[in-house]
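> Hey, dropping data_38.txt in here, compact mmCIF, C-alpha atoms:
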```txt
# COMPACT_ATOMS: atom_id res chain seq x y z
CA MET E 1 0.00 0.00 0.00
CA ARG E 2 1.28 3.47 -0.84
CA ILE E 3 0.03 7.01 -1.45
CA PHE E 4 0.93 9.10 -4.49
CA SER E 5 0.94 12.63 -3.25
CA SER E 6 2.52 16.05 -3.19
CA THR E 7 4.10 17.57 -0.10
CA THR E 8 2.78 21.04 -0.91
CA ALA E 9 -0.91 20.57 -1.80
CA PRO E 10 -3.72 21.10 0.76
CA ASN E 11 -5.85 18.04 -0.02
CA PRO E 12 -3.06 15.50 0.55
CA ARG E 13 -2.40 17.22 3.85
CA ARG E 14 -5.93 16.33 4.96
CA VAL E 15 -5.08 12.65 4.52
CA LYS E 16 -1.74 13.06 6.26
CA ILE E 17 -3.33 14.63 9.34
CA TYR E 18 -6.13 12.02 9.32
CA LEU E 19 -3.65 9.13 9.23
CA ALA E 20 -1.59 10.73 12.02
CA GLU E 21 -4.76 10.99 14.15
CA LYS E 22 -5.29 7.28 13.57
CA GLY E 23 -1.66 6.32 14.09
CA ILE E 24 -1.51 4.72 10.62
CA GLU E 25 1.73 4.88 8.63
CA ILE E 26 1.68 4.49 4.84
CA PRO E 27 4.66 5.08 2.54
CA TYR E 28 4.41 8.09 0.23
CA VAL E 29 5.51 8.52 -3.38
CA ASN E 30 6.02 12.20 -4.12
CA ILE E 31 4.50 13.61 -7.32
CA ASP E 32 5.74 16.92 -8.73
CA LEU E 33 2.56 18.82 -9.61
CA LYS E 34 4.42 21.82 -11.01
CA GLU E 35 6.16 19.49 -13.46
CA GLY E 36 2.77 17.98 -14.38
CA ASP E 37 3.62 14.44 -13.19
CA ASN E 38 -0.10 14.10 -12.39
CA LEU E 39 -1.23 14.92 -15.93
CA THR E 40 0.50 12.11 -17.79
CA GLU E 41 -1.51 9.28 -19.34
CA GLU E 42 0.35 6.96 -16.97
CA PHE E 43 -0.92 8.85 -13.92
CA ARG E 44 -4.44 9.04 -15.33
CA LYS E 45 -4.55 5.25 -15.14
CA LYS E 46 -4.43 5.79 -11.38
CA ASN E 47 -6.88 8.71 -11.39
CA LEU E 48 -8.69 9.86 -14.53
CA PHE E 49 -9.01 13.36 -13.08
CA GLY E 50 -5.24 13.67 -12.59
CA LYS E 51 -5.40 14.77 -8.97
CA VAL E 52 -3.50 13.82 -5.82
CA PRO E 53 -3.62 12.09 -3.42
CA VAL E 54 -4.13 8.57 -4.80
CA LEU E 55 -3.98 5.50 -2.57
CA GLU E 56 -2.77 2.29 -4.21
CA LEU E 57 -3.93 -0.88 -2.49
CA ASP E 58 -1.85 -4.04 -2.42
CA ASP E 59 -3.92 -5.58 -5.22
CA GLY E 60 -3.25 -2.58 -7.49
CA THR E 61 -6.63 -0.89 -6.98
CA PHE E 62 -6.47 2.91 -6.86
CA ILE E 63 -8.58 5.19 -4.69
CA SER E 64 -8.40 8.94 -5.16
CA GLU E 65 -10.00 11.89 -3.37
CA SER E 66 -8.87 12.69 0.17
CA MET E 67 -12.15 11.87 1.87
CA ALA E 68 -12.53 8.58 -0.03
CA ILE E 69 -9.07 7.54 1.18
CA CYS E 70 -9.90 8.57 4.75
CA ARG E 71 -13.21 6.69 4.66
CA TYR E 72 -11.40 3.56 3.49
CA PHE E 73 -9.21 3.66 6.59
CA GLU E 74 -12.14 4.66 8.83
CA MET E 75 -13.85 1.38 7.91
CA LEU E 76 -10.71 -0.60 8.74
CA HIS E 77 -9.82 1.37 11.88
CA PRO E 78 -13.03 2.85 13.32
CA GLU E 79 -11.39 4.14 16.53
CA PRO E 80 -11.03 6.99 17.29
CA SER E 81 -14.01 7.93 15.14
CA LEU E 82 -13.41 10.94 12.90
CA PHE E 83 -16.56 10.57 10.74
CA GLY E 84 -19.06 10.00 13.59
CA LYS E 85 -21.05 6.96 14.66
CA THR E 86 -24.70 7.82 15.20
CA PRO E 87 -26.83 8.99 12.24
CA LEU E 88 -26.82 12.55 13.60
CA GLU E 89 -23.06 12.60 14.18
CA VAL E 90 -22.37 11.18 10.72
CA ALA E 91 -24.69 13.70 9.05
CA THR E 92 -23.37 16.68 11.03
CA ILE E 93 -19.74 15.88 10.26
CA GLU E 94 -20.54 15.31 6.57
CA MET E 95 -22.40 18.64 6.48
CA TRP E 96 -19.53 20.67 7.92
CA ASN E 97 -16.89 18.79 6.01
CA ARG E 98 -18.60 19.39 2.68
CA GLN E 99 -19.36 23.04 3.45
CA VAL E 100 -15.72 23.70 4.30
CA ASP E 101 -14.65 21.69 1.26
CA ILE E 102 -16.85 23.49 -1.28
CA TYR E 103 -16.98 26.98 0.25
CA LEU E 104 -13.38 27.11 1.48
CA ILE E 105 -10.88 24.59 0.07
CA VAL E 106 -12.30 24.86 -3.46
CA LEU E 107 -12.60 28.67 -3.35
CA VAL E 108 -9.17 29.22 -1.80
CA GLY E 109 -7.83 26.92 -4.53
CA PHE E 110 -9.39 29.12 -7.21
CA ALA E 111 -8.12 32.24 -5.43
CA PHE E 112 -4.58 30.83 -5.41
CA ARG E 113 -4.55 29.57 -8.99
CA HIS E 114 -6.31 32.57 -10.54
CA THR E 115 -4.53 35.36 -8.67
CA THR E 116 -1.00 33.92 -8.83
CA GLY E 117 -1.24 32.17 -12.21
CA TYR E 118 0.63 29.26 -10.63
CA TYR E 119 -0.63 26.86 -13.34
CA SER E 120 -0.86 29.38 -16.17
CA ASP E 121 1.12 26.94 -18.35
CA ARG E 122 -1.85 24.55 -18.35
CA GLU E 123 -5.07 26.38 -17.53
CA THR E 124 -6.94 29.56 -18.37
CA VAL E 125 -6.33 32.10 -15.62
CA ILE E 126 -9.10 34.61 -14.85
CA LYS E 127 -7.82 37.15 -12.37
CA ALA E 128 -11.27 38.59 -11.61
CA TRP E 129 -12.45 35.12 -10.63
CA GLY E 130 -9.43 34.66 -8.37
CA GLU E 131 -10.25 37.89 -6.56
CA GLU E 132 -13.95 37.03 -6.33
CA SER E 133 -13.13 33.55 -5.00
CA LEU E 134 -11.01 35.07 -2.24
CA LYS E 135 -13.87 37.40 -1.26
CA ARG E 136 -16.25 34.45 -1.10
CA ALA E 137 -13.79 32.39 0.94
CA ILE E 138 -13.44 35.28 3.39
CA THR E 139 -17.23 35.33 3.77
CA SER E 140 -17.09 31.59 4.54
CA PHE E 141 -14.40 32.09 7.18
CA GLY E 142 -16.77 34.61 8.75
CA LEU E 143 -19.46 31.92 8.91
CA LEU E 144 -17.02 29.56 10.64
CA GLU E 145 -16.39 32.27 13.24
CA ARG E 146 -20.16 32.36 13.89
CA ARG E 147 -20.31 28.59 14.20
CA LEU E 148 -17.30 28.36 16.49
CA ALA E 149 -18.82 30.92 18.84
CA ASP E 150 -21.30 28.16 19.75
CA SER E 151 -19.23 25.02 19.37
CA ARG E 152 -15.80 23.78 20.46
CA PHE E 153 -15.21 22.03 17.11
CA LEU E 154 -17.05 22.47 13.82
CA ALA E 155 -19.32 19.45 14.15
CA GLY E 156 -19.78 19.68 17.92
CA ASP E 157 -17.78 18.69 21.01
CA ALA E 158 -15.61 16.15 19.21
CA PHE E 159 -12.75 16.72 16.78
CA SER E 160 -13.61 15.37 13.29
CA VAL E 161 -12.54 15.35 9.64
CA ALA E 162 -14.43 18.64 9.23
CA ASP E 163 -11.84 20.27 11.52
CA ILE E 164 -9.02 18.72 9.52
CA THR E 165 -10.46 20.17 6.29
CA ALA E 166 -11.01 23.62 7.84
CA PHE E 167 -7.54 23.67 9.40
CA CYS E 168 -5.97 22.92 6.01
CA ALA E 169 -8.15 25.65 4.46
CA VAL E 170 -6.88 28.26 6.95
CA ASP E 171 -3.26 27.33 6.25
CA PHE E 172 -3.90 27.20 2.49
CA ALA E 173 -5.39 30.72 2.65
CA LYS E 174 -2.04 32.05 3.92
CA LEU E 175 -0.82 31.58 0.31
CA VAL E 176 -3.32 34.22 -0.81
CA LYS E 177 -2.33 36.45 2.12
CA TRP E 178 -5.41 35.87 4.26
CA LYS E 179 -5.09 35.17 7.94
CA ILE E 180 -7.52 34.89 10.84
CA GLU E 181 -8.73 38.39 11.64
CA ASP E 182 -8.69 40.19 15.00
CA SER E 183 -12.50 40.15 14.86
CA GLN E 184 -12.49 36.32 14.81
CA PRO E 185 -11.55 35.23 18.36
CA ASN E 186 -13.43 31.93 18.14
CA LEU E 187 -11.80 30.92 14.87
CA LEU E 188 -8.42 31.76 16.44
CA ARG E 189 -9.19 29.80 19.63
CA TRP E 190 -10.25 26.77 17.53
CA TYR E 191 -7.23 27.11 15.19
CA LYS E 192 -4.80 27.17 18.13
CA GLU E 193 -6.40 24.08 19.62
CA VAL E 194 -6.19 22.13 16.33
CA ALA E 195 -2.65 23.42 15.70
CA SER E 196 -1.57 22.01 19.07
CA ARG E 197 -2.57 18.43 18.17
CA PRO E 198 0.40 16.18 17.39
CA SER E 199 -1.26 15.19 14.06
CA THR E 200 -0.99 18.70 12.63
CA GLN E 201 2.74 19.12 13.31
CA THR E 202 3.67 17.92 9.79
CA MET Y 1 -39.46 15.84 9.94
CA ARG Y 2 -39.48 18.00 6.81
CA ILE Y 3 -37.17 19.23 4.06
CA PHE Y 4 -36.78 22.89 3.07
CA SER Y 5 -36.01 22.79 -0.60
CA SER Y 6 -36.50 24.20 -4.07
CA THR Y 7 -38.16 22.31 -6.88
CA THR Y 8 -35.76 23.70 -9.49
CA ALA Y 9 -32.26 23.29 -7.98
CA PRO Y 10 -30.01 20.29 -8.80
CA ASN Y 11 -28.75 19.48 -5.31
CA PRO Y 12 -32.21 19.02 -3.76
CA ARG Y 13 -32.99 16.72 -6.67
CA ARG Y 14 -30.18 14.42 -5.53
CA VAL Y 15 -31.97 13.99 -2.19
CA LYS Y 16 -35.33 13.50 -3.89
CA ILE Y 17 -34.01 10.69 -6.09
CA TYR Y 18 -32.16 9.13 -3.15
CA LEU Y 19 -35.30 9.08 -0.98
CA ALA Y 20 -37.32 7.62 -3.87
CA GLU Y 21 -34.73 4.83 -4.22
CA LYS Y 22 -35.17 4.10 -0.52
CA GLY Y 23 -38.96 4.41 -0.59
CA ILE Y 24 -38.86 7.13 2.09
CA GLU Y 25 -41.43 9.93 2.01
CA ILE Y 26 -40.73 13.25 3.75
CA PRO Y 27 -42.86 16.38 3.43
CA TYR Y 28 -41.28 19.30 1.58
CA VAL Y 29 -41.46 23.04 2.26
CA ASN Y 30 -40.72 24.93 -0.93
CA ILE Y 31 -38.23 27.81 -0.75
CA ASP Y 32 -38.12 30.44 -3.50
CA LEU Y 33 -34.43 30.88 -4.26
CA LYS Y 34 -35.01 33.58 -6.87
CA GLU Y 35 -36.81 35.64 -4.22
CA GLY Y 36 -33.90 35.03 -1.82
CA ASP Y 37 -35.95 33.16 0.80
CA ASN Y 38 -32.75 31.25 1.57
CA LEU Y 39 -30.73 34.38 2.34
CA THR Y 40 -32.79 35.75 5.21
CA GLU Y 41 -31.40 35.75 8.75
CA GLU Y 42 -34.31 33.45 9.63
CA PHE Y 43 -33.20 30.84 7.06
CA ARG Y 44 -29.56 31.17 8.13
CA LYS Y 45 -30.58 29.85 11.52
CA LYS Y 46 -31.32 26.62 9.65
CA ASN Y 47 -28.19 26.77 7.49
CA LEU Y 48 -25.51 29.43 7.96
CA PHE Y 49 -24.49 29.05 4.31
CA GLY Y 50 -28.03 29.80 3.10
CA LYS Y 51 -28.30 26.78 0.81
CA VAL Y 52 -31.00 24.19 0.17
CA PRO Y 53 -31.89 21.46 0.87
CA VAL Y 54 -32.13 21.52 4.68
CA LEU Y 55 -33.61 18.64 6.64
CA GLU Y 56 -35.35 19.54 9.90
CA LEU Y 57 -35.54 16.70 12.41
CA ASP Y 58 -38.43 16.31 14.84
CA ASP Y 59 -36.35 17.79 17.67
CA GLY Y 60 -35.64 20.93 15.63
CA THR Y 61 -32.10 19.99 14.61
CA PHE Y 62 -31.16 21.06 11.06
CA ILE Y 63 -28.98 19.13 8.63
CA SER Y 64 -27.96 20.72 5.35
CA GLU Y 65 -25.98 19.49 2.34
CA SER Y 66 -27.51 16.84 0.11
CA MET Y 67 -25.05 14.10 0.91
CA ALA Y 68 -25.27 14.75 4.67
CA ILE Y 69 -29.04 14.34 4.47
CA CYS Y 70 -28.70 11.15 2.42
CA ARG Y 71 -26.13 9.71 4.84
CA TYR Y 72 -28.50 10.39 7.73
CA PHE Y 73 -31.15 8.24 6.08
CA GLU Y 74 -28.58 5.64 4.97
CA MET Y 75 -27.74 5.03 8.64
CA LEU Y 76 -31.43 4.58 9.50
CA HIS Y 77 -32.33 2.57 6.37
CA PRO Y 78 -29.20 0.77 5.17
CA GLU Y 79 -31.01 -1.30 2.51
CA PRO Y 80 -30.67 -1.05 -0.42
CA SER Y 81 -27.16 0.32 0.10
CA LEU Y 82 -26.38 3.42 -1.96
CA PHE Y 83 -23.12 4.36 -0.20
CA GLY Y 84 -21.52 0.89 -0.20
CA LYS Y 85 -20.77 -1.56 2.61
CA THR Y 86 -17.21 -2.87 2.36
CA PRO Y 87 -14.28 -0.46 2.81
CA LEU Y 88 -13.53 -0.65 -0.93
CA GLU Y 89 -17.17 -0.06 -1.95
CA VAL Y 90 -17.51 2.86 0.45
CA ALA Y 91 -14.26 4.45 -0.77
CA THR Y 92 -15.03 3.91 -4.46
CA ILE Y 93 -18.50 5.43 -4.20
CA GLU Y 94 -17.17 8.39 -2.20
CA MET Y 95 -14.44 8.90 -4.82
CA TRP Y 96 -16.83 9.04 -7.77
CA ASN Y 97 -19.45 11.00 -5.90
CA ARG Y 98 -17.00 13.70 -4.91
CA GLN Y 99 -15.38 13.85 -8.35
CA VAL Y 100 -18.76 14.33 -9.99
CA ASP Y 101 -19.72 16.82 -7.28
CA ILE Y 102 -16.61 19.02 -7.57
CA TYR Y 103 -15.81 18.64 -11.26
CA LEU Y 104 -19.38 18.59 -12.55
CA ILE Y 105 -22.16 19.87 -10.26
CA VAL Y 106 -20.04 22.75 -8.94
CA LEU Y 107 -18.67 23.67 -12.39
CA VAL Y 108 -22.03 23.43 -14.15
CA GLY Y 109 -23.39 25.62 -11.34
CA PHE Y 110 -20.74 28.26 -12.06
CA ALA Y 111 -21.39 27.94 -15.81
CA PHE Y 112 -25.11 28.53 -15.25
CA ARG Y 113 -24.78 31.43 -12.82
CA HIS Y 114 -21.95 33.22 -14.63
CA THR Y 115 -23.18 32.86 -18.22
CA THR Y 116 -26.86 33.58 -17.56
CA GLY Y 117 -26.45 36.08 -14.70
CA TYR Y 118 -29.38 34.32 -13.01
CA TYR Y 119 -28.35 35.71 -9.58
CA SER Y 120 -26.81 38.97 -10.81
CA ASP Y 121 -28.93 40.81 -8.22
CA ARG Y 122 -26.85 39.25 -5.43
CA GLU Y 123 -23.48 38.11 -6.73
CA THR Y 124 -20.62 39.27 -8.93
CA VAL Y 125 -21.03 37.68 -12.36
CA ILE Y 126 -17.88 36.92 -14.35
CA LYS Y 127 -18.85 35.78 -17.83
CA ALA Y 128 -15.35 34.52 -18.72
CA TRP Y 129 -15.45 32.26 -15.66
CA GLY Y 130 -18.87 30.93 -16.67
CA GLU Y 131 -17.54 30.01 -20.11
CA GLU Y 132 -14.38 28.47 -18.66
CA SER Y 133 -16.42 26.47 -16.13
CA LEU Y 134 -18.53 25.03 -18.95
CA LYS Y 135 -15.38 24.00 -20.83
CA ARG Y 136 -14.05 22.28 -17.72
CA ALA Y 137 -17.36 20.54 -17.09
CA ILE Y 138 -17.36 19.26 -20.67
CA THR Y 139 -13.87 17.83 -20.07
CA SER Y 140 -15.24 16.06 -16.98
CA PHE Y 141 -18.15 14.59 -18.95
CA GLY Y 142 -15.52 13.21 -21.32
CA LEU Y 143 -13.82 11.50 -18.38
CA LEU Y 144 -17.14 9.93 -17.36
CA GLU Y 145 -17.47 8.54 -20.89
CA ARG Y 146 -14.07 6.88 -20.44
CA ARG Y 147 -15.07 5.46 -17.08
CA LEU Y 148 -18.43 4.19 -18.31
CA ALA Y 149 -16.74 2.35 -21.19
CA ASP Y 150 -15.41 -0.01 -18.48
CA SER Y 151 -18.19 0.01 -15.93
CA ARG Y 152 -21.97 -0.36 -15.87
CA PHE Y 153 -22.34 2.34 -13.20
CA LEU Y 154 -19.83 4.94 -12.04
CA ALA Y 155 -18.64 3.09 -8.95
CA GLY Y 156 -18.94 -0.41 -10.44
CA ASP Y 157 -21.71 -2.93 -11.02
CA ALA Y 158 -24.11 -1.41 -8.52
CA PHE Y 159 -26.11 1.80 -8.75
CA SER Y 160 -24.99 4.32 -6.09
CA VAL Y 161 -25.26 7.94 -4.98
CA ALA Y 162 -22.45 8.74 -7.43
CA ASP Y 163 -24.86 7.88 -10.27
CA ILE Y 164 -27.54 10.08 -8.72
CA THR Y 165 -25.10 13.02 -8.58
CA ALA Y 166 -23.91 12.47 -12.16
CA PHE Y 167 -27.45 12.08 -13.47
CA CYS Y 168 -28.44 15.40 -11.89
CA ALA Y 169 -25.30 16.98 -13.38
CA VAL Y 170 -26.24 15.85 -16.92
CA ASP Y 171 -29.75 17.27 -16.55
CA PHE Y 172 -28.42 20.47 -14.95
CA ALA Y 173 -26.04 20.94 -17.91
CA LYS Y 174 -29.03 21.15 -20.25
CA LEU Y 175 -29.57 24.64 -18.77
CA VAL Y 176 -26.24 25.71 -20.26
CA LYS Y 177 -27.12 24.00 -23.54
CA TRP Y 178 -24.86 20.98 -23.17
CA LYS Y 179 -26.11 17.51 -23.91
CA ILE Y 180 -24.51 14.09 -24.23
CA GLU Y 181 -22.54 14.05 -27.45
CA ASP Y 182 -22.74 11.54 -30.31
CA SER Y 183 -19.16 10.54 -29.45
CA GLN Y 184 -20.27 9.46 -25.95
CA PRO Y 185 -22.19 6.19 -26.41
CA ASN Y 186 -21.35 4.87 -22.95
CA LEU Y 187 -22.48 8.00 -21.19
CA LEU Y 188 -25.72 7.80 -23.20
CA ARG Y 189 -26.24 4.11 -22.40
CA TRP Y 190 -25.69 4.83 -18.70
CA TYR Y 191 -27.93 7.91 -18.78
CA LYS Y 192 -30.79 5.98 -20.37
CA GLU Y 193 -30.50 3.24 -17.77
CA VAL Y 194 -30.59 5.71 -14.87
CA ALA Y 195 -33.40 7.70 -16.53
CA SER Y 196 -35.49 4.52 -16.68
CA ARG Y 197 -35.41 4.01 -12.90
CA PRO Y 198 -38.69 4.92 -11.17
CA SER Y 199 -36.75 7.15 -8.74
CA THR Y 200 -35.69 9.59 -11.47
CA GLN Y 201 -39.19 10.19 -12.86
CA THR Y 202 -39.66 13.28 -10.69
```
Here is a file; write its structure as structure tokens.

Amino acid sequence: MRIFSSTTAPNPRRVKIYLAEKGIEIPYVNIDLKEGDNLTEEFRKKNLFGKVPVLELDDGTFISESMAICRYFEMLHPEPSLFGKTPLEVATIEMWNRQVDIYLIVLVGFAFRHTTGYYSDRETVIKAWGEESLKRAITSFGLLERRLADSRFLAGDAFSVADITAFCAVDFAKLVKWKIEDSQPNLLRWYKEVASRPSTQT
Amino acid sequence: MRIFSSTTAPNPRRVKIYLAEKGIEIPYVNIDLKEGDNLTEEFRKKNLFGKVPVLELDDGTFISESMAICRYFEMLHPEPSLFGKTPLEVATIEMWNRQVDIYLIVLVGFAFRHTTGYYSDRETVIKAWGEESLKRAITSFGLLERRLADSRFLAGDAFSVADITAFCAVDFAKLVKWKIEDSQPNLLRWYKEVASRPSTQT
């Protein structure tokens, strides 16, 4: 078993933190995204969409998408639970995880790629969309501040994958020069707590 | 229990098809998105992000995000399984579902909103991004054609939530004047099979 990944990208980091929370060690094969290692026909046999991370199982099966990889391990190692156990826990964690995914990770990704032109050798760059994406991401961070005024972690009292996703989003946003604002004490309190976990020290 | 939703939006349709597959009936409360019913402070108490659908439980708890709502019911009514059972099934369905979500539903959504200006009263519209999003979505549909050349359904031999998401994406794309191309016989074969299921007749 091994994971094809990149040391710099935010989505692979979600898997890395998840595995550290679980105490699972998997060897990594580093992929150079800037060089386009992920866009070759060879890599697309692992993942048609050409994205990292990709988990290769011992029988040669490939699983891509961070949350799919985490769910695979969650089934094999259910403790400590990071996706919830009861129907309400499972639904609440999925809700926050997807909201942070779509309204933060995805938008910060657009902000990064469209304001810096990091991948201008391979994709159309639309600066106005990069700037708009950053504005929308900042609105989403404001909603997290509201949520965290009422809750220790995003999905409730227990740490979950939704916190992993949000933590990676905050760090990713540093690349587009956003950081937690003085008016966001709850987001800061939550960030410091997550940042102090051994799993996030990578 | 009831679902706040809109009859026209693609994400609520995913829940509707899912519930029909399970034979579960839940009353709906229709929300007028064009009028901004979802953007009031009152609605944000149900979902901070102001999106539909939102499931209200009998105790007044709210769950938003289509897949969170579906997972809630999957825990209560595991048969027939639409999220998989073994670790590999669960991971494979999650992989395809998220790929179709991020690289199709989200992109077709941008294409619709930024080329038509449907919500120009409340958001910045960037036409170039709408056109680029459509191009990217079309690339993703091409990848589904490749996948469906090897597989009856997206995640394998069994129908799953990934097929529900993809089916809604194809229908949603009709709004931006895209339809399955003559060069995509596998996508068409799959679409016809999903379209013939009683659950998709809504």
> Quick check: residues of chain E within 6 Å of chain Y, all atoms listed in the file, returned as number ranges by chain.
E: 65, 68, 71-72, 75, 87, 91, 94-95
> Rounded to one decimal place, report the atom CA of Y:Val15-atom CA of Y:Gly50 distance in Å.
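Between these atoms lies a distance of 17.1 Å.
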> Can you measure atom CA of E:Ile17 to atom CA of E:Asp37 for me? One decimal in Å is fine.
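Atom-to-atom, atom CA of E:Ile17 and atom CA of E:Asp37 are spaced 23.6 Å apart.
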> What's the 8 Å shell around E:Asn30, counting only C-alpha atoms, without same-chain residues fewer than 3 positions away, as JSON, numbers by chain?
{"E": [4, 5, 6, 7]}
> In Å, rounded to a single decimal, give me how far atom CA of Y:Thr116 is from atom CA of E:Lys51.
29.8 Å
> Residues near Y:Lys192, anyone? I mean within 12 Å using only C-alpha atoms, not counting same-chain ones fewer than 6 positions away, as a list in words.
Arg152, Phe153, Asp163, Phe167, Val170, Asp171, Ile180, Pro185, Asn186 and Thr200 of chain Y
> Can you complete the atoms of stretch 152-176 of chain E to N, CA and C atoms and list them as a PDB file, keeping the file's coordinate frame?

```pdb
ATOM      1  N   ARG E 152     -17.253  23.945  20.284  1.00  0.00           N
ATOM      2  CA  ARG E 152     -15.800  23.780  20.460  1.00  0.00           C
ATOM      3  C   ARG E 152     -15.142  23.423  19.121  1.00  0.00           C
ATOM      4  N   PHE E 153     -15.705  22.404  18.448  1.00  0.00           N
ATOM      5  CA  PHE E 153     -15.210  22.030  17.110  1.00  0.00           C
ATOM      6  C   PHE E 153     -16.341  22.265  16.108  1.00  0.00           C
ATOM      7  N   LEU E 154     -16.037  22.123  14.819  1.00  0.00           N
ATOM      8  CA  LEU E 154     -17.050  22.470  13.820  1.00  0.00           C
ATOM      9  C   LEU E 154     -18.312  21.631  13.935  1.00  0.00           C
ATOM     10  N   ALA E 155     -18.150  20.319  14.139  1.00  0.00           N
ATOM     11  CA  ALA E 155     -19.320  19.450  14.150  1.00  0.00           C
ATOM     12  C   ALA E 155     -19.830  19.169  15.559  1.00  0.00           C
ATOM     13  N   GLY E 156     -19.301  19.875  16.545  1.00  0.00           N
ATOM     14  CA  GLY E 156     -19.780  19.680  17.920  1.00  0.00           C
ATOM     15  C   GLY E 156     -18.626  19.588  18.903  1.00  0.00           C
ATOM     16  N   ASP E 157     -18.797  18.773  19.949  1.00  0.00           N
ATOM     17  CA  ASP E 157     -17.780  18.690  21.010  1.00  0.00           C
ATOM     18  C   ASP E 157     -16.559  17.865  20.613  1.00  0.00           C
ATOM     19  N   ALA E 158     -16.715  17.044  19.573  1.00  0.00           N
ATOM     20  CA  ALA E 158     -15.610  16.150  19.210  1.00  0.00           C
ATOM     21  C   ALA E 158     -14.890  16.605  17.947  1.00  0.00           C
ATOM     22  N   PHE E 159     -13.587  16.454  17.956  1.00  0.00           N
ATOM     23  CA  PHE E 159     -12.750  16.720  16.780  1.00  0.00           C
ATOM     24  C   PHE E 159     -13.141  15.743  15.669  1.00  0.00           C
ATOM     25  N   SER E 160     -13.203  16.240  14.412  1.00  0.00           N
ATOM     26  CA  SER E 160     -13.610  15.370  13.290  1.00  0.00           C
ATOM     27  C   SER E 160     -12.877  15.762  12.014  1.00  0.00           C
ATOM     28  N   VAL E 161     -13.151  15.026  10.939  1.00  0.00           N
ATOM     29  CA  VAL E 161     -12.540  15.350   9.640  1.00  0.00           C
ATOM     30  C   VAL E 161     -12.908  16.762   9.183  1.00  0.00           C
ATOM     31  N   ALA E 162     -14.054  17.268   9.616  1.00  0.00           N
ATOM     32  CA  ALA E 162     -14.430  18.640   9.230  1.00  0.00           C
ATOM     33  C   ALA E 162     -13.405  19.641   9.765  1.00  0.00           C
ATOM     34  N   ASP E 163     -12.881  19.391  10.967  1.00  0.00           N
ATOM     35  CA  ASP E 163     -11.840  20.270  11.520  1.00  0.00           C
ATOM     36  C   ASP E 163     -10.541  20.132  10.753  1.00  0.00           C
ATOM     37  N   ILE E 164     -10.245  18.920  10.320  1.00  0.00           N
ATOM     38  CA  ILE E 164      -9.020  18.720   9.520  1.00  0.00           C
ATOM     39  C   ILE E 164      -9.127  19.543   8.230  1.00  0.00           C
ATOM     40  N   THR E 165     -10.272  19.441   7.549  1.00  0.00           N
ATOM     41  CA  THR E 165     -10.460  20.170   6.290  1.00  0.00           C
ATOM     42  C   THR E 165     -10.355  21.681   6.522  1.00  0.00           C
ATOM     43  N   ALA E 166     -11.020  22.173   7.577  1.00  0.00           N
ATOM     44  CA  ALA E 166     -11.010  23.620   7.840  1.00  0.00           C
ATOM     45  C   ALA E 166      -9.615  24.102   8.226  1.00  0.00           C
ATOM     46  N   PHE E 167      -8.900  23.297   9.002  1.00  0.00           N
ATOM     47  CA  PHE E 167      -7.540  23.670   9.400  1.00  0.00           C
ATOM     48  C   PHE E 167      -6.640  23.798   8.161  1.00  0.00           C
ATOM     49  N   CYS E 168      -6.760  22.850   7.246  1.00  0.00           N
ATOM     50  CA  CYS E 168      -5.970  22.920   6.010  1.00  0.00           C
ATOM     51  C   CYS E 168      -6.384  24.134   5.174  1.00  0.00           C
ATOM     52  N   ALA E 169      -7.675  24.480   5.212  1.00  0.00           N
ATOM     53  CA  ALA E 169      -8.150  25.650   4.460  1.00  0.00           C
ATOM     54  C   ALA E 169      -7.530  26.935   5.012  1.00  0.00           C
ATOM     55  N   VAL E 170      -7.471  27.064   6.345  1.00  0.00           N
ATOM     56  CA  VAL E 170      -6.880  28.260   6.950  1.00  0.00           C
ATOM     57  C   VAL E 170      -5.409  28.377   6.537  1.00  0.00           C
ATOM     58  N   ASP E 171      -4.681  27.276   6.629  1.00  0.00           N
ATOM     59  CA  ASP E 171      -3.260  27.330   6.250  1.00  0.00           C
ATOM     60  C   ASP E 171      -3.075  27.593   4.755  1.00  0.00           C
ATOM     61  N   PHE E 172      -3.954  26.999   3.948  1.00  0.00           N
ATOM     62  CA  PHE E 172      -3.900  27.200   2.490  1.00  0.00           C
ATOM     63  C   PHE E 172      -4.129  28.688   2.168  1.00  0.00           C
ATOM     64  N   ALA E 173      -5.042  29.317   2.908  1.00  0.00           N
ATOM     65  CA  ALA E 173      -5.390  30.720   2.650  1.00  0.00           C
ATOM     66  C   ALA E 173      -4.217  31.673   2.903  1.00  0.00           C
ATOM     67  N   LYS E 174      -3.229  31.212   3.696  1.00  0.00           N
ATOM     68  CA  LYS E 174      -2.040  32.050   3.920  1.00  0.00           C
ATOM     69  C   LYS E 174      -1.336  32.341   2.588  1.00  0.00           C
ATOM     70  N   LEU E 175      -1.466  31.398   1.619  1.00  0.00           N
ATOM     71  CA  LEU E 175      -0.820  31.580   0.310  1.00  0.00           C
ATOM     72  C   LEU E 175      -1.449  32.727  -0.482  1.00  0.00           C
ATOM     73  N   VAL E 176      -2.700  33.060  -0.145  1.00  0.00           N
ATOM     74  CA  VAL E 176      -3.320  34.220  -0.810  1.00  0.00           C
ATOM     75  C   VAL E 176      -3.441  35.379   0.200  1.00  0.00           C
TER      76      VAL E 176
END
```
